[in-house]
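K.L.:
Dropping the structure in here first, questions after.
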Amino acid sequence: MSVMERRPARTRRSFTDEFKRDAVAMVLDEGYRIVEVAERLGVGEGTLGNWVRQARTDRGERAGLTTSEKAELAELRRENARLRMERDLLKRATAFWVKESGQ
């Protein structure tokens with residue numbers, strides 16, 4: 001492939017929670033292999049494998065963070081970043097105020 005011949009960019013597909021649940025159920029509850037379900041549904045094996053791995057974690061069959069724990073962790077990280085930003089702003093404002101009031 002030459003420099004002038006570029007492949008079109010792949011767009012990221014999104015799937016509904018119901019679709020994911022049904023796909024995972026085919027693997028975990030009905031006993032199909034990930035490869036079979038992925039091919040049948042037109043989903044990447046790695047993608048389906050990730051869904052199955054997370055479902056096993058959510059069911060307690062596997063160690064790791066559950067979906068709700070991941071969501072809580074993400075929210076706490078956002079809040080932590082906001083609080084750090086506010087703290088730094090207050091530090092700068094206080095330093096400016098002290099500098100200005102001292103003159």
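Just remember, in the structure tokens the first chain shown is A, the second B, etc., residues are 1-based per chain, and ligands are 1-based in the order shown.
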Output as a PyMOL selection string all residues of segment 36-96 of chain A that backbone DSSP marks as alpha helix (DSSP H).

P.N.:
chain A and resi 36-41+45-58+67-96

K.L.:
Identify, on the basis of only C-alpha atoms, every residue whose closest approach to Thr57 of chain A does not exceed 12 Å; exclude the query and any residue fewer than 5 positions from it along the same chain; express the result as a PyMOL selection string.

P.N.:
chain A and resi 50-52+62-70

K.L.:
At a cut-off of 12 Å, using only C-alpha atoms, what residues contact Ser14 of chain A? Leave out same-chain residues fewer than 5 positions from it and give the result as a list in words.

P.N.:
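The filter keeps Phe19, Lys20, Val43 and Thr47 of chain A.
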
K.L.:
Write out, as a PDB file, in the first residue's frame, the residues just selected, with N, CA and C atoms.

P.N.:
ATOM      1  N   PHE A  19     -27.974  -6.039  23.778  1.00  0.00           N
ATOM      2  CA  PHE A  19     -27.227  -6.835  22.807  1.00  0.00           C
ATOM      3  C   PHE A  19     -26.055  -7.525  23.499  1.00  0.00           C
ATOM      4  N   LYS A  20     -25.326  -6.760  24.317  1.00  0.00           N
ATOM      5  CA  LYS A  20     -24.179  -7.321  25.024  1.00  0.00           C
ATOM      6  C   LYS A  20     -24.619  -8.443  25.974  1.00  0.00           C
ATOM      7  N   VAL A  43     -19.340  -9.543  15.651  1.00  0.00           N
ATOM      8  CA  VAL A  43     -18.603  -8.791  16.667  1.00  0.00           C
ATOM      9  C   VAL A  43     -17.203  -9.376  16.738  1.00  0.00           C
ATOM     10  N   THR A  47     -13.630  -8.259  21.502  1.00  0.00           N
ATOM     11  CA  THR A  47     -14.694  -7.450  22.097  1.00  0.00           C
ATOM     12  C   THR A  47     -15.630  -8.328  22.911  1.00  0.00           C
TER      13      THR A  47
END

K.L.:
May I ask for the distance between atom CA of Glu45 of chain A and atom CA of Thr16 of chain A, given in Å to one decimal place?

P.N.:
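About the pair atom CA of Glu45 of chain A and atom CA of Thr16 of chain A: they are 17.1 Å apart.
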
K.L.:
Between atom CA of Ala9 of chain A and atom CA of Arg40 of chain A, measure the distance and give it in Å to one decimal.

P.N.:
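Spanning atom CA of Ala9 of chain A to atom CA of Arg40 of chain A is a straight-line distance of 24.1 Å.
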
K.L.:
Have a look at atom CA of Gly49 of chain A and atom CA of Ile34 of chain A and let me know their distance in Å, one decimal.

P.N.:
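Separation of atom CA of Gly49 of chain A and atom CA of Ile34 of chain A: 6.6 Å.
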
K.L.:
Between A:Arg59, A:Arg12, A:Arg92, A:Arg53, which is the closest to Val27 of chain A once you count only C-alpha atoms?

P.N.:
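So, comparing all the options, the nearest one is A:Arg53.
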